[in-house]
>>> print(open('model31.cif').read())   # mmCIF, C-alpha atoms and all ligand atoms
data_model
loop_
_atom_site.label_atom_id
_atom_site.label_comp_id
_atom_site.auth_asym_id
_atom_site.auth_seq_id
_atom_site.Cartn_x
_atom_site.Cartn_y
_atom_site.Cartn_z
CA MET A 1 -27.95 149.26 -23.77
CA GLN A 2 -28.65 147.40 -27.00
CA ALA A 3 -27.76 143.73 -27.27
CA GLU A 4 -28.20 140.99 -29.84
CA ILE A 5 -28.91 137.63 -28.27
CA VAL A 6 -28.97 134.54 -30.45
CA VAL A 7 -31.31 131.89 -29.06
CA LEU A 8 -30.70 128.24 -29.96
CA PRO A 9 -33.64 126.25 -28.54
CA GLY A 10 -32.34 122.90 -29.85
CA ASP A 11 -34.14 119.67 -29.01
CA GLY A 12 -36.34 118.03 -26.37
CA ILE A 13 -37.13 120.42 -23.54
CA GLY A 14 -34.72 123.00 -25.05
CA PRO A 15 -37.49 125.07 -26.69
CA GLU A 16 -39.54 125.14 -23.46
CA VAL A 17 -36.72 126.22 -21.16
CA THR A 18 -35.22 128.76 -23.56
CA ALA A 19 -38.67 130.31 -24.05
CA ALA A 20 -38.82 130.76 -20.26
CA ALA A 21 -35.38 132.38 -20.14
CA VAL A 22 -36.17 134.70 -23.05
CA GLN A 23 -39.31 135.90 -21.25
CA VAL A 24 -37.23 136.65 -18.16
CA LEU A 25 -34.53 138.44 -20.17
CA ALA A 26 -37.17 140.52 -21.95
CA ALA A 27 -38.75 141.45 -18.62
CA VAL A 28 -35.50 142.43 -16.95
CA GLY A 29 -34.52 144.37 -20.08
CA GLN A 30 -37.75 146.29 -19.94
CA ARG A 31 -37.36 147.01 -16.24
CA TYR A 32 -33.84 148.43 -16.68
CA GLY A 33 -34.49 150.11 -20.05
CA HIS A 34 -32.39 147.87 -22.29
CA ALA A 35 -33.23 146.89 -25.85
CA PHE A 36 -32.48 143.18 -26.16
CA ARG A 37 -33.05 141.72 -29.60
CA PHE A 38 -33.57 137.96 -29.84
CA GLU A 39 -32.79 136.01 -32.97
CA GLU A 40 -33.78 132.34 -32.99
CA LYS A 41 -31.65 129.82 -34.92
CA LEU A 42 -31.40 126.09 -35.43
CA ILE A 43 -28.91 123.72 -33.80
CA GLY A 44 -28.69 119.99 -33.05
CA GLY A 45 -31.35 117.53 -34.12
CA ALA A 46 -33.78 120.27 -35.12
CA ALA A 47 -31.11 121.64 -37.46
CA ILE A 48 -30.33 118.18 -38.87
CA ASP A 49 -34.02 117.68 -39.69
CA ALA A 50 -34.30 121.06 -41.40
CA THR A 51 -30.91 121.34 -43.15
CA GLY A 52 -28.98 118.07 -42.78
CA GLU A 53 -26.35 119.83 -40.63
CA PRO A 54 -26.13 120.00 -36.81
CA LEU A 55 -24.66 123.53 -37.02
CA PRO A 56 -25.87 125.37 -40.14
CA MET A 57 -23.61 128.16 -41.43
CA ASP A 58 -26.41 130.62 -40.88
CA THR A 59 -26.54 129.74 -37.16
CA LEU A 60 -22.79 130.06 -36.70
CA ALA A 61 -22.69 133.38 -38.56
CA ALA A 62 -25.47 134.77 -36.35
CA ALA A 63 -23.66 133.57 -33.20
CA GLN A 64 -20.41 135.19 -34.34
CA ARG A 65 -22.18 138.53 -34.86
CA ALA A 66 -24.11 138.38 -31.58
CA ASP A 67 -23.28 139.65 -28.10
CA ALA A 68 -24.28 136.35 -26.53
CA VAL A 69 -25.79 132.97 -27.30
CA LEU A 70 -28.44 131.26 -25.19
CA LEU A 71 -28.75 127.52 -25.80
CA GLY A 72 -31.33 124.98 -24.64
CA ALA A 73 -30.03 121.46 -25.24
CA VAL A 74 -29.33 119.15 -28.16
CA GLY A 75 -29.91 115.48 -28.87
CA GLY A 76 -32.51 112.80 -28.44
CA PRO A 77 -33.37 109.23 -29.44
CA LYS A 78 -34.48 110.31 -32.90
CA TRP A 79 -30.88 111.14 -33.85
CA SER A 80 -28.97 108.66 -31.71
CA ASP A 81 -28.41 105.90 -34.27
CA PRO A 82 -24.68 105.11 -33.77
CA LYS A 83 -24.30 104.62 -37.54
CA ALA A 84 -25.59 108.10 -38.33
CA LYS A 85 -23.05 110.39 -40.03
CA VAL A 86 -24.25 113.55 -38.35
CA ARG A 87 -25.23 113.78 -34.69
CA PRO A 88 -26.77 116.68 -32.74
CA GLU A 89 -23.84 116.86 -30.25
CA GLN A 90 -21.45 117.71 -33.12
CA GLY A 91 -23.28 121.02 -33.41
CA LEU A 92 -22.45 121.90 -29.82
CA LEU A 93 -18.77 120.94 -30.07
CA ALA A 94 -18.48 122.85 -33.34
CA ILE A 95 -20.00 126.08 -32.03
CA ARG A 96 -17.83 126.02 -28.87
CA LYS A 97 -14.73 125.56 -30.98
CA ALA A 98 -15.69 128.16 -33.59
CA LEU A 99 -16.35 130.76 -30.88
CA GLY A 100 -13.08 129.91 -29.08
CA LEU A 101 -14.81 129.18 -25.79
CA TYR A 102 -12.10 127.77 -23.54
CA ALA A 103 -13.50 128.30 -20.04
CA ASN A 104 -16.62 126.52 -18.85
CA LEU A 105 -18.05 128.01 -15.66
CA ARG A 106 -20.40 126.04 -13.46
CA PRO A 107 -21.45 127.75 -10.25
CA VAL A 108 -22.92 125.55 -7.52
CA LYS A 109 -24.83 127.25 -4.75
CA PRO A 110 -27.45 124.99 -3.19
CA HIS A 111 -30.64 126.84 -2.34
CA PRO A 112 -31.78 126.37 1.28
CA ALA A 113 -35.28 125.38 0.18
CA ALA A 114 -33.94 122.65 -2.14
CA LEU A 115 -31.30 121.04 0.12
CA GLY A 116 -33.48 117.96 0.50
CA ALA A 117 -33.09 117.25 -3.23
CA SER A 118 -29.35 116.56 -2.80
CA PRO A 119 -28.04 113.13 -1.79
CA ILE A 120 -25.53 114.90 0.50
CA LYS A 121 -26.41 115.58 4.15
CA PRO A 122 -27.95 119.06 4.48
CA HIS A 123 -25.57 120.20 7.25
CA LEU A 124 -22.64 119.79 4.84
CA LEU A 125 -24.39 121.89 2.18
CA THR A 126 -25.35 124.99 4.15
CA GLY A 127 -23.21 127.87 2.93
CA VAL A 128 -21.76 126.06 -0.09
CA ASP A 129 -20.98 128.57 -2.85
CA LEU A 130 -18.42 127.36 -5.34
CA LEU A 131 -17.54 127.86 -8.97
CA VAL A 132 -15.85 125.23 -11.11
CA VAL A 133 -13.88 126.59 -14.08
CA ARG A 134 -13.22 123.77 -16.51
CA GLU A 135 -10.76 124.12 -19.41
CA LEU A 136 -12.78 123.32 -22.51
CA THR A 137 -10.55 123.16 -25.59
CA GLY A 138 -7.42 121.14 -24.72
CA GLY A 139 -6.19 118.01 -23.01
CA ILE A 140 -6.85 114.38 -23.75
CA TYR A 141 -10.24 115.02 -25.40
CA PHE A 142 -8.56 116.80 -28.28
CA GLY A 143 -5.22 114.94 -28.41
CA GLN A 144 -4.28 112.54 -31.16
CA LYS A 145 -6.13 109.23 -30.94
CA GLN A 146 -4.76 105.93 -32.19
CA ARG A 147 -6.08 102.42 -32.42
CA ARG A 148 -4.20 99.23 -33.20
CA ALA A 149 -5.51 95.70 -33.16
CA ASP A 150 -4.55 95.12 -29.55
CA ALA A 151 -4.10 98.63 -28.12
CA ALA A 152 -5.31 102.22 -28.20
CA SER A 153 -3.97 105.59 -27.05
CA ASP A 154 -5.15 109.16 -26.45
CA LEU A 155 -2.56 111.88 -26.27
CA CYS A 156 -2.92 114.47 -23.51
CA GLU A 157 -1.33 117.78 -24.38
CA TYR A 158 -1.47 121.29 -22.92
CA THR A 159 0.37 124.41 -24.00
CA VAL A 160 1.51 127.10 -21.57
CA THR A 161 -0.84 129.57 -23.27
CA GLU A 162 -3.86 127.30 -22.82
CA ILE A 163 -3.14 126.93 -19.11
CA GLU A 164 -2.37 130.62 -18.55
CA ARG A 165 -5.58 131.89 -20.05
CA VAL A 166 -7.90 129.64 -18.07
CA VAL A 167 -6.01 130.19 -14.81
CA ARG A 168 -6.19 133.96 -15.40
CA ARG A 169 -9.92 133.70 -15.98
CA ALA A 170 -10.33 131.73 -12.74
CA CYS A 171 -8.30 134.33 -10.82
CA VAL A 172 -10.34 137.25 -12.18
CA LEU A 173 -13.53 135.45 -11.16
CA ALA A 174 -12.10 134.64 -7.71
CA GLY A 175 -11.24 138.34 -7.32
CA GLY A 176 -14.95 139.13 -7.46
CA ARG A 177 -15.69 136.40 -4.92
CA ARG A 178 -13.73 135.20 -1.87
CA GLY A 179 -10.30 135.37 -3.52
CA HIS A 180 -9.45 131.70 -3.21
CA VAL A 181 -8.45 129.45 -6.13
CA THR A 182 -7.98 125.69 -5.92
CA SER A 183 -6.07 124.36 -8.91
CA VAL A 184 -6.69 120.67 -9.50
CA ASP A 185 -4.20 118.37 -11.24
CA LYS A 186 -2.46 115.02 -10.96
CA ALA A 187 1.07 116.41 -10.72
CA ASN A 188 2.43 113.39 -8.88
CA VAL A 189 1.93 111.31 -12.05
CA LEU A 190 1.27 113.38 -15.18
CA GLU A 191 3.69 115.66 -17.03
CA THR A 192 0.84 117.87 -18.29
CA SER A 193 -0.21 118.29 -14.66
CA ARG A 194 3.33 119.28 -13.60
CA LEU A 195 3.26 121.96 -16.29
CA TRP A 196 -0.25 122.97 -15.18
CA ARG A 197 0.92 123.39 -11.58
CA GLU A 198 4.03 125.38 -12.58
CA VAL A 199 2.05 127.74 -14.79
CA ALA A 200 -0.75 128.22 -12.26
CA THR A 201 1.79 129.00 -9.53
CA ARG A 202 3.58 131.55 -11.72
CA VAL A 203 0.43 133.27 -13.02
CA VAL A 204 -0.96 133.76 -9.51
CA ARG A 205 2.41 134.87 -8.05
CA ASP A 206 3.17 137.37 -10.84
CA GLU A 207 -0.28 138.66 -11.74
CA PHE A 208 -2.69 138.06 -8.86
CA PRO A 209 -0.95 138.82 -5.55
CA ASP A 210 -4.30 139.10 -3.73
CA ILE A 211 -5.46 135.60 -4.71
CA THR A 212 -4.63 132.65 -2.50
CA LEU A 213 -3.80 129.56 -4.51
CA GLU A 214 -4.01 126.00 -3.31
CA HIS A 215 -3.11 122.90 -5.32
CA GLN A 216 -5.11 119.74 -4.98
CA LEU A 217 -4.71 116.32 -6.57
CA VAL A 218 -7.81 115.35 -8.51
CA ASP A 219 -8.44 112.14 -6.58
CA SER A 220 -8.45 113.85 -3.20
CA MET A 221 -10.45 116.73 -4.71
CA ALA A 222 -13.18 114.24 -5.65
CA MET A 223 -13.37 113.25 -2.00
CA HIS A 224 -13.14 116.74 -0.47
CA LEU A 225 -15.85 118.04 -2.78
CA LEU A 226 -18.34 115.83 -0.99
CA ALA A 227 -16.77 115.90 2.49
CA LYS A 228 -16.20 119.67 2.86
CA PRO A 229 -17.70 121.52 -0.14
CA ARG A 230 -18.08 124.72 1.91
CA GLU A 231 -14.31 125.26 1.91
CA TYR A 232 -14.06 125.87 -1.83
CA ASP A 233 -14.44 129.11 -3.75
CA VAL A 234 -13.12 128.79 -7.33
CA ILE A 235 -11.86 125.43 -8.58
CA VAL A 236 -9.89 125.50 -11.84
CA THR A 237 -8.89 122.39 -13.72
CA GLU A 238 -8.17 120.80 -17.07
CA ASN A 239 -10.77 119.45 -19.46
CA MET A 240 -11.34 115.84 -18.38
CA PHE A 241 -10.89 116.41 -14.64
CA GLY A 242 -13.34 119.30 -14.96
CA ASP A 243 -15.84 117.18 -16.83
CA ILE A 244 -15.88 114.64 -14.03
CA LEU A 245 -15.74 117.10 -11.11
CA THR A 246 -18.52 119.33 -12.47
CA ASP A 247 -20.93 116.40 -12.69
CA GLU A 248 -19.96 115.46 -9.15
CA ALA A 249 -20.37 119.06 -7.97
CA SER A 250 -23.81 119.27 -9.56
CA MET A 251 -25.07 116.70 -7.05
CA LEU A 252 -24.45 119.21 -4.26
CA ALA A 253 -27.35 121.28 -5.57
CA GLY A 254 -29.73 118.37 -5.93
CA SER A 255 -31.43 118.73 -9.28
CA LEU A 256 -29.94 119.07 -12.75
CA GLY A 257 -32.78 121.48 -13.34
CA LEU A 258 -31.16 124.12 -11.10
CA LEU A 259 -27.67 124.39 -12.55
CA PRO A 260 -26.58 126.97 -15.11
CA SER A 261 -23.34 127.26 -17.06
CA ALA A 262 -21.39 129.71 -19.15
CA SER A 263 -18.70 128.98 -21.73
CA LEU A 264 -16.39 131.93 -22.32
CA GLY A 265 -13.47 132.83 -24.58
CA GLU A 266 -11.33 135.94 -25.13
CA GLY A 267 -14.13 137.70 -26.98
CA ARG A 268 -17.27 139.05 -25.42
CA VAL A 269 -19.60 136.48 -26.93
CA GLY A 270 -20.25 133.60 -24.59
CA LEU A 271 -22.52 130.57 -24.75
CA TYR A 272 -24.98 130.05 -21.92
CA GLU A 273 -26.85 126.82 -21.30
CA PRO A 274 -28.27 124.70 -18.48
CA ILE A 275 -26.03 121.78 -17.54
CA HIS A 276 -28.84 119.32 -18.14
CA GLY A 277 -29.56 117.67 -21.47
CA SER A 278 -32.60 117.65 -23.71
CA ALA A 279 -34.58 115.32 -21.39
CA PRO A 280 -36.62 113.70 -24.19
CA ASP A 281 -38.55 111.71 -21.56
CA ILE A 282 -40.35 114.86 -20.37
CA ALA A 283 -40.25 117.05 -23.50
CA GLY A 284 -43.33 118.94 -24.64
CA ARG A 285 -45.29 118.32 -21.45
CA ASP A 286 -44.76 121.60 -19.57
CA ILE A 287 -42.98 119.86 -16.68
CA ALA A 288 -39.29 120.73 -17.24
CA ASN A 289 -37.63 122.90 -14.61
CA PRO A 290 -36.80 126.23 -16.30
CA TYR A 291 -34.63 127.61 -13.45
CA ALA A 292 -31.27 126.31 -14.76
CA THR A 293 -31.82 128.07 -18.09
CA ILE A 294 -33.12 131.25 -16.40
CA LEU A 295 -29.99 131.23 -14.20
CA SER A 296 -27.90 130.74 -17.35
CA ALA A 297 -29.55 133.90 -18.70
CA ALA A 298 -28.41 135.67 -15.51
CA MET A 299 -24.85 134.55 -16.28
CA LEU A 300 -25.31 135.93 -19.81
CA LEU A 301 -26.26 139.33 -18.38
CA ARG A 302 -23.21 139.26 -16.11
CA HIS A 303 -20.47 137.86 -18.33
CA SER A 304 -21.38 138.93 -21.88
CA LEU A 305 -23.34 142.14 -21.29
CA GLY A 306 -21.62 143.34 -18.10
CA LEU A 307 -25.01 143.89 -16.42
CA GLU A 308 -24.28 142.79 -12.85
CA SER A 309 -27.33 144.35 -11.15
CA GLU A 310 -29.64 142.87 -13.75
CA ALA A 311 -27.98 139.45 -13.31
CA ARG A 312 -28.47 139.63 -9.55
CA CYS A 313 -32.06 140.73 -10.04
CA VAL A 314 -32.76 137.55 -12.04
CA GLU A 315 -30.96 135.36 -9.49
CA LYS A 316 -32.93 136.93 -6.68
CA ALA A 317 -36.16 136.33 -8.56
CA VAL A 318 -35.35 132.61 -8.87
CA ASP A 319 -34.39 132.53 -5.18
CA GLY A 320 -37.71 134.19 -4.39
CA ALA A 321 -39.67 131.62 -6.36
CA LEU A 322 -37.82 128.80 -4.54
CA ASP A 323 -38.40 130.55 -1.18
CA HIS A 324 -42.11 130.47 -2.01
CA ALA A 325 -41.77 126.72 -2.71
CA VAL A 326 -42.55 127.10 -6.39
CA PHE A 327 -41.12 123.71 -7.28
CA THR A 328 -41.30 121.83 -10.55
CA SER A 329 -41.71 118.06 -10.25
CA ASP A 330 -37.94 117.35 -10.11
CA LEU A 331 -37.87 119.27 -6.79
CA ALA A 332 -41.31 118.45 -5.39
CA PRO A 333 -42.57 115.24 -3.76
CA ALA A 334 -43.90 112.70 -6.28
CA GLY A 335 -46.91 113.81 -8.26
CA ARG A 336 -46.76 117.39 -7.05
CA GLY A 337 -44.99 120.37 -8.50
CA VAL A 338 -45.96 123.14 -10.88
CA GLY A 339 -45.33 123.26 -14.61
CA THR A 340 -42.62 125.04 -16.61
CA ARG A 341 -44.90 127.96 -17.43
CA ALA A 342 -46.15 128.39 -13.87
CA ALA A 343 -42.59 128.35 -12.51
CA THR A 344 -41.59 130.94 -15.12
CA ALA A 345 -44.58 133.08 -14.19
CA ALA A 346 -43.48 132.93 -10.53
CA VAL A 347 -40.03 134.21 -11.49
CA LEU A 348 -41.56 137.00 -13.61
CA GLU A 349 -43.75 137.98 -10.67
CA GLN A 350 -40.69 138.19 -8.41
CA LEU A 351 -39.08 140.52 -10.97
CA GLN A 352 -41.85 143.09 -10.56
P1 LIG A 401 -27.21 114.80 -22.31
O1 LIG A 401 -26.46 113.61 -22.79
O2 LIG A 401 -27.84 115.60 -23.40
O3 LIG A 401 -26.47 115.62 -21.30
P2 LIG A 401 -28.41 113.26 -20.28
O4 LIG A 401 -28.44 111.83 -20.70
O5 LIG A 401 -27.34 113.71 -19.35
O6 LIG A 401 -28.47 114.19 -21.54
P3 LIG A 401 -30.69 114.75 -19.41
O7 LIG A 401 -31.36 115.12 -20.66
O8 LIG A 401 -29.94 115.82 -18.72
O9 LIG A 401 -29.82 113.47 -19.64
O10 LIG A 401 -31.76 114.13 -18.42
C1 LIG A 401 -31.41 113.30 -17.30
C2 LIG A 401 -32.66 113.14 -16.43
O11 LIG A 401 -32.91 114.39 -15.75
C3 LIG A 401 -33.92 112.82 -17.21
O12 LIG A 401 -34.73 111.93 -16.52
C4 LIG A 401 -34.59 114.15 -17.36
O13 LIG A 401 -35.97 114.06 -17.47
C5 LIG A 401 -34.17 114.89 -16.09
N1 LIG A 401 -34.05 116.34 -16.35
C6 LIG A 401 -33.10 116.94 -17.09
N2 LIG A 401 -33.30 118.26 -17.14
C7 LIG A 401 -34.43 118.50 -16.43
C8 LIG A 401 -35.17 119.67 -16.13
N3 LIG A 401 -34.81 120.89 -16.57
N4 LIG A 401 -36.28 119.53 -15.38
C9 LIG A 401 -36.68 118.34 -14.93
N5 LIG A 401 -36.02 117.20 -15.17
C10 LIG A 401 -34.91 117.26 -15.92
MG MG A 402 -25.54 114.85 -19.49
#
>>> encode(input="model31.cif", output="structure tokens")
Amino acid sequence: MQAEIVVLPGDGIGPEVTAAAVQVLAAVGQRYGHAFRFEEKLIGGAAIDATGEPLPMDTLAAAQRADAVLLGAVGGPKWSDPKAKVRPEQGLLAIRKALGLYANLRPVKPHPAALGASPIKPHLLTGVDLLVVRELTGGIYFGQKQRRADAASDLCEYTVTEIERVVRRACVLAGGRRGHVTSVDKANVLETSRLWREVATRVVRDEFPDITLEHQLVDSMAMHLLAKPREYDVIVTENMFGDILTDEASMLAGSLGLLPSASLGEGRVGLYEPIHGSAPDIAGRDIANPYATILSAAMLLRHSLGLESEARCVEKAVDGALDHAVFTSDLAPAGRGVGTRAATAAVLEQLQ
């Protein structure tokens, strides 16, 4: 197949880790006979420096035409002056909104060779394979905000349509996995959560008879996620709960450098990025872990291009590199560990 992939390296380690993922995509494309075309564009601080805007029109237009977008990370101390009018993160929020990406997927599957990197006891982590689906465009983050001299408020609002579409997406994903969905809310207190629970119950009952649905209150979910993470398959929740739970879930896998993500909408174009940030402290030194971005490229193959075998091939190559203890310094004992390029080369070798 032919595919147009827009690459947004961004800031900090973004250019290093996206370069690694592009190499892997090119290699898997060649192996399976696909013609992937890569178009590099500016976003974040790099875009502010070059154009004054965190998301230039030209970048957005390219993303809207593309089949998929691969992003590194945005931000860094150079652009973090709180008085600044434009900030790198605005570019990310703007592109998510413009592409209508309402479902953020974060799979967490700790690799046996990297269990020691997690603060959780290894025996609790064996066999963990879960996927958090976070609603990305609604809720309290986007509600009306008000400030008075002695008070402030943030409105939390969800429409039936917003809940339906993300619950449907979670159910479809669960259908390709173990068929279990845990919907997380705070229905004992919040009206938006009562609506969330009603809609989730109806969507699963009417449209997904083969899916088992369980409801969980967000506070107890936070506890269970650490106490019995193996019991979860797909977890679907609203924007802020998802924000908090996905950071918590990332600790199950140990390093930020291992965790990919996908942000999807109704259209085919999705945005794929590692969950970590631009890591300015290690940028430009060939020490960043490229695996999270390479695994994000695997999600791109799966969700935007529909290339499941190719996606698995990339995931197996990363597994193989980890099996051979090809660890970057975030995974290796102090002072050891290979560089970004060496880790990428190990993945490319596994692809052969
Ligand atoms: P953001 O606000 O952009 O999400 P952050 O403040 O969460 O950024 P990160 O940039 O994710 O921070 O970095 C957090 C720490 O993890 C840093 O010490 C960084 O060096 C480290 N880190 C992040 N990504 C990687 C990676 N791919 N490989 C190795 N270390 C990483
Ligand atoms: Mg962060």
>>> residues_around(input="model31.cif", residues="range 278-289 of chain A", least_positions_apart="4", cutoff="10 Å", atoms="all atoms listed in the file", output="short mmCIF file (atom, residue, chain, number, x, y, z; two decimals) with C-alpha atoms, keeping the file's coordinate frame")
data_model
loop_
_atom_site.label_atom_id
_atom_site.label_comp_id
_atom_site.auth_asym_id
_atom_site.auth_seq_id
_atom_site.Cartn_x
_atom_site.Cartn_y
_atom_site.Cartn_z
CA PRO A 9 -33.64 126.25 -28.54
CA GLY A 10 -32.34 122.90 -29.85
CA ASP A 11 -34.14 119.67 -29.01
CA GLY A 12 -36.34 118.03 -26.37
CA ILE A 13 -37.13 120.42 -23.54
CA GLY A 14 -34.72 123.00 -25.05
CA PRO A 15 -37.49 125.07 -26.69
CA GLU A 16 -39.54 125.14 -23.46
CA VAL A 17 -36.72 126.22 -21.16
CA ALA A 20 -38.82 130.76 -20.26
CA GLY A 72 -31.33 124.98 -24.64
CA ALA A 73 -30.03 121.46 -25.24
CA VAL A 74 -29.33 119.15 -28.16
CA GLY A 75 -29.91 115.48 -28.87
CA GLY A 76 -32.51 112.80 -28.44
CA PRO A 77 -33.37 109.23 -29.44
CA LYS A 78 -34.48 110.31 -32.90
CA SER A 255 -31.43 118.73 -9.28
CA LEU A 256 -29.94 119.07 -12.75
CA GLY A 257 -32.78 121.48 -13.34
CA LEU A 258 -31.16 124.12 -11.10
CA PRO A 274 -28.27 124.70 -18.48
CA THR A 293 -31.82 128.07 -18.09
CA ILE A 294 -33.12 131.25 -16.40
CA PHE A 327 -41.12 123.71 -7.28
CA THR A 328 -41.30 121.83 -10.55
CA SER A 329 -41.71 118.06 -10.25
CA ASP A 330 -37.94 117.35 -10.11
CA LEU A 331 -37.87 119.27 -6.79
CA GLY A 337 -44.99 120.37 -8.50
CA VAL A 338 -45.96 123.14 -10.88
CA GLY A 339 -45.33 123.26 -14.61
CA THR A 340 -42.62 125.04 -16.61
CA ARG A 341 -44.90 127.96 -17.43
CA ALA A 342 -46.15 128.39 -13.87
CA ALA A 343 -42.59 128.35 -12.51
CA THR A 344 -41.59 130.94 -15.12
#
>>> residues_near_ligand(input="model31.cif", ligand="ligand MG 402 (chain A)", cutoff="9 Å", atoms="all atoms listed in the file", output="JSON, numbers by chain")
{"A": [247, 275, 276, 277, 278]}
>>> write_last_selection(input="model31.cif", atoms="C-alpha atoms", output="PDB file, in the coordinates of the input")
ATOM      1  CA  ASP A 247     -20.930 116.400 -12.690  1.00  0.00           C
ATOM      2  CA  ILE A 275     -26.030 121.780 -17.540  1.00  0.00           C
ATOM      3  CA  HIS A 276     -28.840 119.320 -18.140  1.00  0.00           C
ATOM      4  CA  GLY A 277     -29.560 117.670 -21.470  1.00  0.00           C
ATOM      5  CA  SER A 278     -32.600 117.650 -23.710  1.00  0.00           C
TER       6      SER A 278
END
>>> closest_residue(input="model31.cif", among="A:Val189, A:Leu99, A:Leu271, A:Leu92", to="ligand LIG 401 (chain A)", atoms="only C-alpha atoms and all ligand atoms")
A:Leu92
>>> atom_distance(input="model31.cif", atom1="CA of Arg230 in chain A", atom2="CA of Leu124 in chain A")
7.3 Å
>>> residues_around(input="model31.cif", residues="Ser118 in chain A", least_positions_apart="4", cutoff="7 Å", atoms="only C-alpha atoms", output="PyMOL selection string")
chain A and resi 251-254
>>> closest_residue(input="model31.cif", among="A:Pro88, A:Pro229, A:Pro107, A:Gly143", to="His123 in chain A", atoms="only C-alpha atoms")
A:Pro229
>>> residues_around(input="model31.cif", residues="range 156-171 of chain A", least_positions_apart="3", cutoff="6 Å", atoms="all atoms listed in the file", output="number ranges by chain")
A: 139-140, 143, 174
>>> atom_distance(input="model31.cif", atom1="CA of Asn188 in chain A", atom2="CA of Glu135 in chain A")
20.0 Å
>>> residues_around(input="model31.cif", residues="Leu295 in chain A", least_positions_apart="3", cutoff="7 Å", atoms="all atoms listed in the file", output="ChimeraX atom specification")
/A:260,291-292,298-299,315
>>> closest_residue(input="model31.cif", among="A:Gly138, A:Pro290, A:Gly179, A:Gly127", to="ligand LIG 401 (chain A)", atoms="only C-alpha atoms and all ligand atoms")
A:Pro290
>>> closest_residue(input="model31.cif", among="A:Leu130, A:Thr18, A:Thr212, A:Val7", to="ligand LIG 401 (chain A)", atoms="all atoms listed in the file")
A:Thr18
>>> residues_around(input="model31.cif", residues="Val69 in chain A", least_positions_apart="2", cutoff="9 Å", atoms="only C-alpha atoms", output="list in words")
Glu4, Ile5, Val6, Val7, Leu8, Ala63, Ala66, Asp67, Leu71, Val269, Gly270, Leu271, Tyr272, Glu273 and Leu300 of chain A
>>> closest_residue(input="model31.cif", among="A:Lys41, A:Arg178, A:Arg134, A:Arg148", to="Leu70 in chain A", atoms="only C-alpha atoms")
A:Lys41
>>> closest_residue(input="model31.cif", among="A:Val181, A:Ala19, A:Ile120, A:Ala47", to="Asp210 in chain A", atoms="only C-alpha atoms")
A:Val181
>>> decode(input="model31.cif", residues="range 193-204 of chain A", atoms="N, CA and C atoms", output="PDB file, in the first residue's frame")
ATOM      1  N   SER A 193     -20.871  11.875  35.653  1.00  0.00           N
ATOM      2  CA  SER A 193     -20.522  10.468  35.798  1.00  0.00           C
ATOM      3  C   SER A 193     -21.762   9.576  35.763  1.00  0.00           C
ATOM      4  N   ARG A 194     -22.895  10.084  36.305  1.00  0.00           N
ATOM      5  CA  ARG A 194     -24.131   9.288  36.223  1.00  0.00           C
ATOM      6  C   ARG A 194     -24.550   9.141  34.767  1.00  0.00           C
ATOM      7  N   LEU A 195     -24.409  10.241  34.002  1.00  0.00           N
ATOM      8  CA  LEU A 195     -24.722  10.159  32.569  1.00  0.00           C
ATOM      9  C   LEU A 195     -23.748   9.201  31.895  1.00  0.00           C
ATOM     10  N   TRP A 196     -22.474   9.311  32.230  1.00  0.00           N
ATOM     11  CA  TRP A 196     -21.439   8.442  31.647  1.00  0.00           C
ATOM     12  C   TRP A 196     -21.815   6.980  31.862  1.00  0.00           C
ATOM     13  N   ARG A 197     -22.209   6.644  33.092  1.00  0.00           N
ATOM     14  CA  ARG A 197     -22.513   5.256  33.429  1.00  0.00           C
ATOM     15  C   ARG A 197     -23.752   4.756  32.678  1.00  0.00           C
ATOM     16  N   GLU A 198     -24.772   5.631  32.589  1.00  0.00           N
ATOM     17  CA  GLU A 198     -25.999   5.266  31.856  1.00  0.00           C
ATOM     18  C   GLU A 198     -25.685   4.978  30.393  1.00  0.00           C
ATOM     19  N   VAL A 199     -24.924   5.899  29.783  1.00  0.00           N
ATOM     20  CA  VAL A 199     -24.637   5.767  28.354  1.00  0.00           C
ATOM     21  C   VAL A 199     -23.765   4.536  28.099  1.00  0.00           C
ATOM     22  N   ALA A 200     -22.750   4.331  28.929  1.00  0.00           N
ATOM     23  CA  ALA A 200     -21.871   3.172  28.751  1.00  0.00           C
ATOM     24  C   ALA A 200     -22.678   1.883  28.854  1.00  0.00           C
ATOM     25  N   THR A 201     -23.566   1.828  29.835  1.00  0.00           N
ATOM     26  CA  THR A 201     -24.393   0.627  30.037  1.00  0.00           C
ATOM     27  C   THR A 201     -25.254   0.360  28.797  1.00  0.00           C
ATOM     28  N   ARG A 202     -25.875   1.413  28.286  1.00  0.00           N
ATOM     29  CA  ARG A 202     -26.761   1.258  27.125  1.00  0.00           C
ATOM     30  C   ARG A 202     -25.986   0.861  25.871  1.00  0.00           C
ATOM     31  N   VAL A 203     -24.850   1.535  25.624  1.00  0.00           N
ATOM     32  CA  VAL A 203     -24.076   1.243  24.407  1.00  0.00           C
ATOM     33  C   VAL A 203     -23.636  -0.227  24.412  1.00  0.00           C
ATOM     34  N   VAL A 204     -23.138  -0.694  25.541  1.00  0.00           N
ATOM     35  CA  VAL A 204     -22.660  -2.086  25.592  1.00  0.00           C
ATOM     36  C   VAL A 204     -23.841  -3.046  25.454  1.00  0.00           C
TER      37      VAL A 204
END
